[in-house]
Amino acid sequence: MSEIIKPTRMSRRQALAGLGAGAATGLIASPSLILAQTPDAIRFGHLTPRTGFLGPLGEFAVMAVDLAVEEINAAGGIMGRKLDVLKEDSVNPQTASTKAERMVERDKVACLLGEISSASCLTIAQVANRTKTLFVNTGGNSDALRGESCNKYMFHIESQNSMYVKTCGRSLMAQGLVKGKKWFSLTADYAFGHDLLKVAKRFMEANGGQFAADKLVPTDATDFSALLLEIRAAKPDLVISNLAGNQITNFLKQYSEFGLTFPVAGFGFDTALAWAAGKDNFGGVWPVVWHHLIDTPNTKKFVAAFTKKYGKPPENQAWGDYNIVKIMAQSMNELKSTDTAKIMEHWEKGAKFDVMKTREGYFRASDHQFMHEMYTVTALPAAQVKNPYDLFTSSAPVPGPGESLEVIATTGDEAVCKMA
Amino acid sequence: MTACFIALSSNESRLLLTLFIQQVLNGLLDGVYYLLIALGLSLIFSLGGIVNLAHGAFYAIGAYLTIVLAPHIGFGGAMLASPVLVALIGIVVERSLFQRFYRSDPILSLLLTFGLAMVAEQALRMIFGAPPLSFSIPPALRGQIFVGDFIYSRYRAMLLLVAAACVIGLWFLLQRTAFGRVVRAGVQNPDMVGALGISLQPYMVAVAGIGIGLAGLAGVLLAPIYSIHPAMGQEIITPAFVVVVIGGLGSFWGVVVAALMVGLVKGITIGLGYTQWSTAVIYLMMLLVLLFRPRGLFGERIQRFE
């Protein structure tokens with residue numbers, strides 16, 4: 001008789017409460033990772049989403065940091081001391097801020113690096129400002145972070161939305177897809193998407209384009225079939241994606257599934273999303289901060305080292321995190337100091353850094369945005385693709401060799417930064 | 001001039017109407033994607049009283065197994081093999097874990113399955129890596145179907161047929177067989193079933209296997225059109241729960257109707273131009289149902305849950 005299932009004595013209300021709680025707990029992310037600390041090492045704090053819809057990109061950031069630390073320590077560390085990076089999952093803006101605070105106050109990190117979500121960047125920047133700690137954003141794109149929300153202690157190696165839009169915009173202008181053309185835009189319905197939409201709209205209107213439609217898409221929407229029907233009926237000249245993370249992969253897979261043929265372009269992108277879409281589904285023109293096929297000696301060296309260590313090429317998110325760890329170590333070694341004020345002064349004076357591109361980059365003093373070359377990638381037809389990673393061809397660096405690096409960044413009143 | 005304007009506007013409104021009808025139809029089909037997940041959830045909950053938060057994880061495992069198996073045995077082979085393998089995992093989980101919690105406070109099984117979901121997700125992350133993996137529609141199923149103005153993907157049409165077959169098969173199993181009679185009796189009154197000398201244990205094993213296998217099947221079916229990443233289970237579990245809550249616990253047709261309704265309401269919302277509300281609206285619907293019909297639309301009165 002022990003086999004018989006006894007009544008669970010669960011009331012209807014409890015059952016429903018259970019289901020409700022179930023739906024809610026499903027949204028809570030998994031616990032963080034805490035690494036061991038070495039006493040006399042110089043310590044950096046690294047925060048980035050490891051779970052959630054930005055988690056896949058965060059994974060590349062973490063791999064890149066590990067590689068950079070390995071190389072720096074192999075070359076003698078920082079001022080003869082070992083470099084140690086504390087890495088944690090930033091989860092969401094609240095958790096990011098709590099963890100940043102703990103890294104600064106308990107672990108005494110010399111600086112904070114990382115992040116992908118613009119919303120989390122903002123809360124970490126507040127901690128940085130309050131504790132007078134240097135924070136370099138490696139993945140948050142929103143112009144607002146460099147504009148109204150800018151702050152003295154926050155620098156950005158990641159490009160701002162304007163740089164992405166103007167880079168991709170150049171390719172679109174060259175293909176005659178802006179002036180007098182109708183755009184159907186899909187935008188991720190959160191801070192990053194809204195900011196990107198604002199910038200994209202400004203570019204489109206300034207160059208004579210107009211919206212056929214402009215749709216906000218919830219970040220947890222996985223099915224695009226309804227929007228694909230809207231696109232098909234609207235017959236736009238161009239479909240524009242201001243989507244983010246896995247949304248882009250879902251969109252690309254389903255766009256190809258429904259066989260729509262309007263040209264596609266986007267203003268925010270990551271190569272891992274193209275890899276996930278695969279050669280049969282990846283299409284369109286997209287801007288990137290860097291990619292693994294760039295033809296410079298340092299890119300080749302980095303791609304080779306990364307591929308050797310992890311068995312796959314680095315995604316563009318890896319570029320920012322790898323380079324900022326290197327830049328920070330290089331600056332500290334040159335200045336013979338980990339002092340925040342000295343590093344900030346050095347950077348604001350326009351110190352130049354090799355970031356694996358044809359030209360060196362520098363932080364613009366007015367808003368702390370890193371000025372550097374960008375690229376657009378264009379999908380190759382499936383038949384021409386030889387392996388799962390090399391799915392696209394690259395444009396020449398933008399801006400071109402004779403131009404100022406600042407021509408693609410915000411100008412004048414596009415984003416006004418008043419540092420306190 | 002005026003006539004021309006009227007002609008244009010009536011033509012436009014005809015187009016808008018066609019689009020709206022398309023959205024309604026597409027919405028109805030959209031709901032079916034949650035159905036396979038929701039049916040399993042509902043079944044396991046009704047018989048065992050376990051809210052299986054790990055159900056989404058089994059869906060993810062189904063999708064990952066497809067990536068592993070399809071290159072060797074084809075997509076068709078993976079469509080048969082993956083759900084069976086997932087069902088076997090489900091049976092092991094039922095025997096080793098679930099069965100200890102049928103009699104305990106529901107909060108314990110909630111914690112158990114929540115933990116299980118996290119373990120499964122991390123395991124996928126450790127084995128396959130965090131970046132999403134690619135998987136495409138097999139060439140034979142690519143392409144579109146056109147019916148008048150309506151366009152639909154050929155792959156989704158196949159997906160609907162498979163889902164419909166599963167729903168009918170499951171209905172037949174539950175309503176027309178001796179197995180189904182015992183399961184239904186067990187849902188209502190397990191003590192009485194026991195008193196009649198029938199052990200519910202093998203039925204629990206079968207129900208867990210079927211329910212979890214269906215989640216695995218959903219993983220296979222959606223792998224070609226959705227992004228495949230370790231947290232994909234979390235994405236689907238929440239709307240699936242909403243479907244179960246709206247439909248009513250223990251009601252087979254309730255879950256089916258709720259899935260269609262959720263899709264329909266979503267489709268109408270998008271058809272009216274409020275894309276940004278397309279997710280919020282299903283939670284709103286759940287809220288209304290809970291306020292006015294806390295048992296769900298078709299929820300039966302189950303004695304032991306009262």
# chains A, B, ... in the order shown; residues from 1 in each chain; ligands from 1
>>> residues_around(residues="Ile225 (chain B)", least_positions_apart="6", cutoff="7 Å", atoms="only C-alpha atoms", output="PDB file with all heavy atoms, in the first residue's frame")
ATOM      1  N   ASN A 250      16.996  34.660 -33.655  1.00  0.00           N
ATOM      2  CA  ASN A 250      15.624  34.219 -33.922  1.00  0.00           C
ATOM      3  C   ASN A 250      15.070  34.908 -35.157  1.00  0.00           C
ATOM      4  O   ASN A 250      14.455  34.282 -36.017  1.00  0.00           O
ATOM      5  CB  ASN A 250      14.715  34.544 -32.729  1.00  0.00           C
ATOM      6  CG  ASN A 250      14.882  33.547 -31.605  1.00  0.00           C
ATOM      7  OD1 ASN A 250      15.233  32.395 -31.846  1.00  0.00           O
ATOM      8  ND2 ASN A 250      14.645  33.964 -30.386  1.00  0.00           N
ATOM      9  N   LYS A 253      16.751  33.600 -38.427  1.00  0.00           N
ATOM     10  CA  LYS A 253      16.317  32.248 -38.780  1.00  0.00           C
ATOM     11  C   LYS A 253      14.920  32.277 -39.381  1.00  0.00           C
ATOM     12  O   LYS A 253      14.631  31.616 -40.371  1.00  0.00           O
ATOM     13  CB  LYS A 253      16.310  31.344 -37.531  1.00  0.00           C
ATOM     14  CG  LYS A 253      17.691  30.807 -37.144  1.00  0.00           C
ATOM     15  CD  LYS A 253      17.624  30.039 -35.842  1.00  0.00           C
ATOM     16  CE  LYS A 253      17.941  28.570 -36.034  1.00  0.00           C
ATOM     17  NZ  LYS A 253      18.144  27.856 -34.769  1.00  0.00           N
ATOM     18  N   GLN A 254      14.029  33.060 -38.761  1.00  0.00           N
ATOM     19  CA  GLN A 254      12.642  33.063 -39.206  1.00  0.00           C
ATOM     20  C   GLN A 254      12.451  33.915 -40.467  1.00  0.00           C
ATOM     21  O   GLN A 254      11.580  33.633 -41.285  1.00  0.00           O
ATOM     22  CB  GLN A 254      11.737  33.513 -38.056  1.00  0.00           C
ATOM     23  CG  GLN A 254      11.753  32.474 -36.927  1.00  0.00           C
ATOM     24  CD  GLN A 254      11.131  32.974 -35.639  1.00  0.00           C
ATOM     25  OE1 GLN A 254      10.200  33.771 -35.654  1.00  0.00           O
ATOM     26  NE2 GLN A 254      11.652  32.514 -34.521  1.00  0.00           N
TER      27      GLN A 254
END
>>> residues_around(residues="Leu170 (chain B)", least_positions_apart="2", cutoff="10 Å", atoms="only C-alpha atoms", output="compact mmCIF listing (two decimals) with N, CA and C atoms, in the first residue's frame")
# COMPACT_ATOMS: atom_id res chain seq x y z
N LEU B 39 0.98 20.87 -22.14
CA LEU B 39 0.26 19.62 -21.86
C LEU B 39 1.02 18.74 -20.88
N ALA B 164 -0.55 18.48 -33.81
CA ALA B 164 -1.95 18.03 -33.82
C ALA B 164 -2.03 16.53 -33.58
N ALA B 165 -1.11 15.80 -34.23
CA ALA B 165 -1.09 14.35 -34.05
C ALA B 165 -0.84 14.00 -32.58
N CYS B 166 0.07 14.75 -31.93
CA CYS B 166 0.37 14.49 -30.52
C CYS B 166 -0.85 14.77 -29.65
N VAL B 167 -1.53 15.87 -29.93
CA VAL B 167 -2.69 16.24 -29.12
C VAL B 167 -3.77 15.16 -29.25
N ILE B 168 -4.03 14.75 -30.50
CA ILE B 168 -5.07 13.73 -30.71
C ILE B 168 -4.66 12.41 -30.05
N PHE B 172 -6.63 10.56 -27.07
CA PHE B 172 -7.10 9.19 -27.22
C PHE B 172 -6.59 8.33 -26.05
N LEU B 173 -5.32 8.50 -25.74
CA LEU B 173 -4.71 7.73 -24.66
C LEU B 173 -5.41 7.99 -23.33
N LEU B 174 -5.73 9.25 -23.08
CA LEU B 174 -6.30 9.60 -21.78
C LEU B 174 -7.80 9.28 -21.70
N GLN B 175 -8.50 9.43 -22.81
CA GLN B 175 -9.96 9.32 -22.76
C GLN B 175 -10.49 7.97 -23.23
N ARG B 176 -9.74 7.24 -24.01
CA ARG B 176 -10.30 6.06 -24.66
C ARG B 176 -9.60 4.76 -24.32
N GLY B 180 -5.72 5.43 -19.65
CA GLY B 180 -6.23 6.77 -19.42
C GLY B 180 -7.25 6.81 -18.29
N ILE B 210 5.88 10.48 -20.72
CA ILE B 210 5.14 11.09 -21.83
C ILE B 210 5.25 12.62 -21.77
N GLY B 211 4.99 13.17 -20.59
CA GLY B 211 5.00 14.63 -20.44
C GLY B 211 6.36 15.22 -20.78
N PHE B 252 -7.66 18.79 -19.98
CA PHE B 252 -6.96 18.57 -21.24
C PHE B 252 -7.33 19.64 -22.26
>>> select_by_dssp(residues="region 192-290 of chain A", states="helix (DSSP H, G or I)", output="number ranges by chain")
A: 192-206, 225-234, 246-257, 271-277
>>> residues_around(residues="Val199 (chain A)", least_positions_apart="4", cutoff="8 Å", atoms="only C-alpha atoms", output="list of chain:residue names")
A:Asn161, A:Ser162, A:Val165, A:Asp195, A:Phe203
>>> closest_residue(among="A:Phe258, A:Phe224, A:Tyr362, A:Phe392", to="chain B", atoms="only C-alpha atoms")
A:Phe258
>>> closest_residue(among="A:Val104, A:Leu54, A:Met356, A:Ala174", to="chain B", atoms="only C-alpha atoms")
A:Leu54
>>> residues_around(residues="Phe370 (chain A)", least_positions_apart="2", cutoff="12 Å", atoms="only C-alpha atoms", output="VMD selection string")
chain A and resid 136 to 138 141 146 154 to 160 163 289 320 323 to 324 327 347 to 348 350 to 355 360 to 368 372 to 374 405 to 406 408 to 410
>>> closest_residue(among="B:Ala140, B:Val183, B:Ile198, B:Val262", to="chain A", atoms="only C-alpha atoms")
B:Ile198
>>> atom_distance(atom1="CA of Phe98 (chain B)", atom2="CA of Ile50 (chain B)")
7.7 Å
>>> interface_residues(of="chain B", to="chain A", cutoff="6 Å", atoms="only C-alpha atoms", output="list in words")
Arg103, Ala130, Pro131, Pro132, Leu133, Ser134, Ser153, Pro190, Gly194, Ile225, Tyr226, Ser227, Thr238, Gln276, Arg304, Phe305 and Glu306 of chain B
>>> closest_residue(among="B:Gly31, B:Gly76, B:Gly299, B:Pro224", to="Lys266 (chain B)", atoms="only C-alpha atoms")
B:Gly31
>>> residues_around(residues="region 114-121 of chain A", least_positions_apart="3", cutoff="7 Å", atoms="only C-alpha atoms", output="list in words")
His46, Leu47, Thr48, Pro49, Asn92, Pro93, Ala96, Ile124, Ala125, Val136, Asn137, Thr138, Gly139, Gly140, Asn141, Ser142, Ala191, Phe192 and Asp321 of chain A
>>> select_by_dssp(residues="region 205-396 of chain A", states="strand (DSSP E or B)", output="VMD selection string")
chain A and resid 210 to 217 238 to 242 264 to 266 285 to 288 353 361 to 363 369 to 371 374 to 379 392 to 394
>>> write_last_selection(atoms="N, CA and C atoms", output="JSON list (two decimals), in the first residue's frame")
[["chain", "number", "residue", "atom", "x", "y", "z"],
["A", 210, "GLN", "N", 12.52, 57.42, -44.80],
["A", 210, "GLN", "CA", 11.37, 57.48, -43.89],
["A", 210, "GLN", "C", 10.97, 56.07, -43.44],
["A", 211, "PHE", "N", 10.21, 56.01, -42.34],
["A", 211, "PHE", "CA", 9.76, 54.72, -41.83],
["A", 211, "PHE", "C", 8.53, 54.24, -42.58],
["A", 212, "ALA", "N", 8.53, 52.98, -43.02],
["A", 212, "ALA", "CA", 7.30, 52.34, -43.47],
["A", 212, "ALA", "C", 6.55, 51.95, -42.20],
["A", 213, "ALA", "N", 7.30, 51.49, -41.21],
["A", 213, "ALA", "CA", 6.74, 51.17, -39.90],
["A", 213, "ALA", "C", 7.88, 51.08, -38.92],
["A", 214, "ASP", "N", 7.53, 51.14, -37.66],
["A", 214, "ASP", "CA", 8.53, 51.22, -36.61],
["A", 214, "ASP", "C", 7.94, 50.47, -35.42],
["A", 215, "LYS", "N", 8.44, 49.24, -35.18],
["A", 215, "LYS", "CA", 7.81, 48.36, -34.18],
["A", 215, "LYS", "C", 8.74, 48.10, -33.01],
["A", 216, "LEU", "N", 8.18, 48.18, -31.80],
["A", 216, "LEU", "CA", 8.93, 47.80, -30.61],
["A", 216, "LEU", "C", 8.63, 46.33, -30.31],
["A", 217, "VAL", "N", 9.67, 45.54, -30.05],
["A", 217, "VAL", "CA", 9.50, 44.11, -29.82],
["A", 217, "VAL", "C", 9.92, 43.77, -28.39],
["A", 238, "LEU", "N", 13.84, 48.45, -47.08],
["A", 238, "LEU", "CA", 14.90, 47.92, -46.21],
["A", 238, "LEU", "C", 14.29, 47.54, -44.87],
["A", 239, "VAL", "N", 14.73, 46.40, -44.34],
["A", 239, "VAL", "CA", 14.31, 46.00, -42.99],
["A", 239, "VAL", "C", 15.48, 46.29, -42.06],
["A", 240, "ILE", "N", 15.20, 47.06, -41.00],
["A", 240, "ILE", "CA", 16.27, 47.46, -40.09],
["A", 240, "ILE", "C", 16.07, 46.79, -38.74],
["A", 241, "SER", "N", 17.12, 46.15, -38.24],
["A", 241, "SER", "CA", 17.05, 45.53, -36.92],
["A", 241, "SER", "C", 17.76, 46.39, -35.88],
["A", 242, "ASN", "N", 16.99, 46.82, -34.88],
["A", 242, "ASN", "CA", 17.59, 47.42, -33.69],
["A", 242, "ASN", "C", 17.39, 46.44, -32.54],
["A", 264, "VAL", "N", 18.16, 43.38, -45.68],
["A", 264, "VAL", "CA", 18.17, 43.50, -44.22],
["A", 264, "VAL", "C", 19.46, 44.19, -43.79],
["A", 265, "ALA", "N", 19.34, 45.04, -42.79],
["A", 265, "ALA", "CA", 20.53, 45.63, -42.18],
["A", 265, "ALA", "C", 20.22, 45.83, -40.71],
["A", 266, "GLY", "N", 21.25, 46.05, -39.92],
["A", 266, "GLY", "CA", 21.01, 46.26, -38.49],
["A", 266, "GLY", "C", 22.00, 47.26, -37.96],
["A", 285, "VAL", "N", 23.51, 43.39, -43.86],
["A", 285, "VAL", "CA", 24.67, 44.25, -43.64],
["A", 285, "VAL", "C", 24.64, 44.72, -42.19],
["A", 286, "TRP", "N", 25.76, 44.54, -41.48],
["A", 286, "TRP", "CA", 25.77, 44.83, -40.05],
["A", 286, "TRP", "C", 27.07, 45.51, -39.63],
["A", 287, "PRO", "N", 26.99, 46.41, -38.65],
["A", 287, "PRO", "CA", 28.22, 47.06, -38.18],
["A", 287, "PRO", "C", 28.85, 46.28, -37.02],
["A", 288, "VAL", "N", 30.17, 46.25, -36.99],
["A", 288, "VAL", "CA", 30.84, 45.63, -35.83],
["A", 288, "VAL", "C", 32.03, 46.48, -35.41],
["A", 353, "PHE", "N", 46.57, 53.89, -28.26],
["A", 353, "PHE", "CA", 46.72, 52.46, -28.00],
["A", 353, "PHE", "C", 46.46, 51.65, -29.26],
["A", 361, "GLY", "N", 43.96, 53.87, -31.51],
["A", 361, "GLY", "CA", 42.79, 54.58, -31.01],
["A", 361, "GLY", "C", 43.12, 55.37, -29.75],
["A", 362, "TYR", "N", 42.18, 56.22, -29.34],
["A", 362, "TYR", "CA", 42.39, 57.02, -28.13],
["A", 362, "TYR", "C", 41.04, 57.37, -27.51],
["A", 363, "PHE", "N", 41.03, 57.70, -26.22],
["A", 363, "PHE", "CA", 39.79, 58.11, -25.56],
["A", 363, "PHE", "C", 39.57, 59.59, -25.81],
["A", 369, "GLN", "N", 34.71, 58.55, -24.78],
["A", 369, "GLN", "CA", 34.45, 57.50, -25.77],
["A", 369, "GLN", "C", 35.75, 57.18, -26.50],
["A", 370, "PHE", "N", 36.04, 55.88, -26.67],
["A", 370, "PHE", "CA", 37.23, 55.46, -27.40],
["A", 370, "PHE", "C", 37.01, 55.71, -28.89],
["A", 371, "MET", "N", 37.97, 56.37, -29.53],
["A", 371, "MET", "CA", 37.87, 56.67, -30.95],
["A", 371, "MET", "C", 38.70, 55.65, -31.71],
["A", 374, "MET", "N", 35.88, 51.25, -37.21],
["A", 374, "MET", "CA", 34.82, 50.23, -37.16],
["A", 374, "MET", "C", 34.69, 49.58, -38.54],
["A", 375, "TYR", "N", 33.79, 48.61, -38.64],
["A", 375, "TYR", "CA", 33.66, 47.85, -39.90],
["A", 375, "TYR", "C", 32.19, 47.52, -40.14],
["A", 376, "THR", "N", 31.83, 47.28, -41.41],
["A", 376, "THR", "CA", 30.55, 46.61, -41.63],
["A", 376, "THR", "C", 30.85, 45.26, -42.23],
["A", 377, "VAL", "N", 30.03, 44.29, -41.87],
["A", 377, "VAL", "CA", 30.18, 42.96, -42.46],
["A", 377, "VAL", "C", 28.94, 42.69, -43.30],
["A", 378, "THR", "N", 29.15, 41.99, -44.41],
["A", 378, "THR", "CA", 28.05, 41.64, -45.31],
["A", 378, "THR", "C", 28.01, 40.13, -45.46],
["A", 379, "ALA", "N", 26.83, 39.56, -45.29],
["A", 379, "ALA", "CA", 26.69, 38.10, -45.34],
["A", 379, "ALA", "C", 27.09, 37.58, -46.71],
["A", 392, "PHE", "N", 31.00, 35.99, -43.57],
["A", 392, "PHE", "CA", 30.77, 37.33, -44.12],
["A", 392, "PHE", "C", 32.05, 37.92, -44.70],
["A", 393, "THR", "N", 31.86, 38.99, -45.49],
["A", 393, "THR", "CA", 33.01, 39.77, -45.95],
["A", 393, "THR", "C", 33.00, 41.09, -45.21],
["A", 394, "SER", "N", 34.16, 41.72, -45.14],
["A", 394, "SER", "CA", 34.27, 42.95, -44.35],
["A", 394, "SER", "C", 34.46, 44.16, -45.25]]
>>> closest_residue(among="A:Asp107, A:Glu403, A:Glu101, A:Glu71", to="Leu86 (chain A)", atoms="only C-alpha atoms")
A:Asp107
>>> closest_residue(among="B:Leu196, B:Ala258, B:Val220, B:Ile107", to="Val162 (chain B)", atoms="only C-alpha atoms")
B:Val220
>>> residues_around(residues="Ala208 (chain B)", least_positions_apart="3", cutoff="8 Å", atoms="only C-alpha atoms", output="VMD selection string")
chain B and resid 40 44 87 90 to 91 94 204 to 205 211 to 212
>>> write_last_selection(atoms="all heavy atoms", output="tab-separated table (two decimals), in the first residue's frame")
chain	number	residue	atom	x	y	z
B	40	GLY	N	2.33	18.63	-21.07
B	40	GLY	CA	3.15	17.82	-20.18
B	40	GLY	C	3.15	18.38	-18.76
B	40	GLY	O	3.01	17.64	-17.77
B	44	ILE	N	1.69	16.25	-15.50
B	44	ILE	CA	2.54	15.89	-14.36
B	44	ILE	C	2.01	16.55	-13.09
B	44	ILE	O	1.99	15.94	-12.02
B	44	ILE	CB	4.01	16.30	-14.62
B	44	ILE	CG1	4.56	15.43	-15.75
B	44	ILE	CG2	4.86	16.16	-13.37
B	44	ILE	CD1	5.92	15.85	-16.23
B	87	ALA	N	12.56	11.39	-22.82
B	87	ALA	CA	11.58	10.68	-21.98
B	87	ALA	C	12.29	9.74	-21.01
B	87	ALA	O	11.90	9.63	-19.84
B	87	ALA	CB	10.61	9.91	-22.87
B	90	GLY	N	13.62	11.65	-18.32
B	90	GLY	CA	12.47	12.02	-17.49
B	90	GLY	C	12.08	10.89	-16.54
B	90	GLY	O	11.78	11.13	-15.37
B	91	ILE	N	12.11	9.67	-17.04
B	91	ILE	CA	11.74	8.52	-16.21
B	91	ILE	C	12.75	8.34	-15.08
B	91	ILE	O	12.39	8.09	-13.92
B	91	ILE	CB	11.61	7.25	-17.08
B	91	ILE	CG1	10.35	7.37	-17.94
B	91	ILE	CG2	11.57	5.99	-16.23
B	91	ILE	CD1	10.21	6.31	-19.00
B	94	GLU	N	12.03	10.93	-12.59
B	94	GLU	CA	10.81	10.61	-11.85
B	94	GLU	C	11.11	9.57	-10.77
B	94	GLU	O	10.74	9.73	-9.60
B	94	GLU	CB	9.74	10.09	-12.81
B	94	GLU	CG	8.34	10.07	-12.25
B	94	GLU	CD	8.03	8.83	-11.39
B	94	GLU	OE1	8.65	7.77	-11.62
B	94	GLU	OE2	7.18	8.92	-10.51
B	204	MET	N	2.53	6.78	-12.91
B	204	MET	CA	3.33	7.99	-12.70
B	204	MET	C	4.55	7.98	-13.61
B	204	MET	O	4.92	9.00	-14.20
B	204	MET	CB	3.81	8.07	-11.25
B	204	MET	CG	2.79	8.54	-10.26
B	204	MET	SD	1.95	10.04	-10.74
B	204	MET	CE	3.33	11.09	-11.16
B	205	VAL	N	5.19	6.81	-13.68
B	205	VAL	CA	6.38	6.69	-14.53
B	205	VAL	C	6.00	7.01	-15.97
B	205	VAL	O	6.67	7.81	-16.65
B	205	VAL	CB	6.98	5.26	-14.44
B	205	VAL	CG1	8.12	5.11	-15.43
B	205	VAL	CG2	7.46	4.98	-13.03
B	211	GLY	N	4.99	13.17	-20.59
B	211	GLY	CA	5.00	14.63	-20.44
B	211	GLY	C	6.36	15.22	-20.78
B	211	GLY	O	6.47	16.20	-21.53
B	212	ILE	N	7.41	14.60	-20.24
B	212	ILE	CA	8.75	15.12	-20.46
B	212	ILE	C	9.20	14.84	-21.89
B	212	ILE	O	9.86	15.66	-22.53
B	212	ILE	CB	9.71	14.54	-19.39
B	212	ILE	CG1	9.37	15.20	-18.04
B	212	ILE	CG2	11.16	14.80	-19.76
B	212	ILE	CD1	10.06	14.61	-16.84
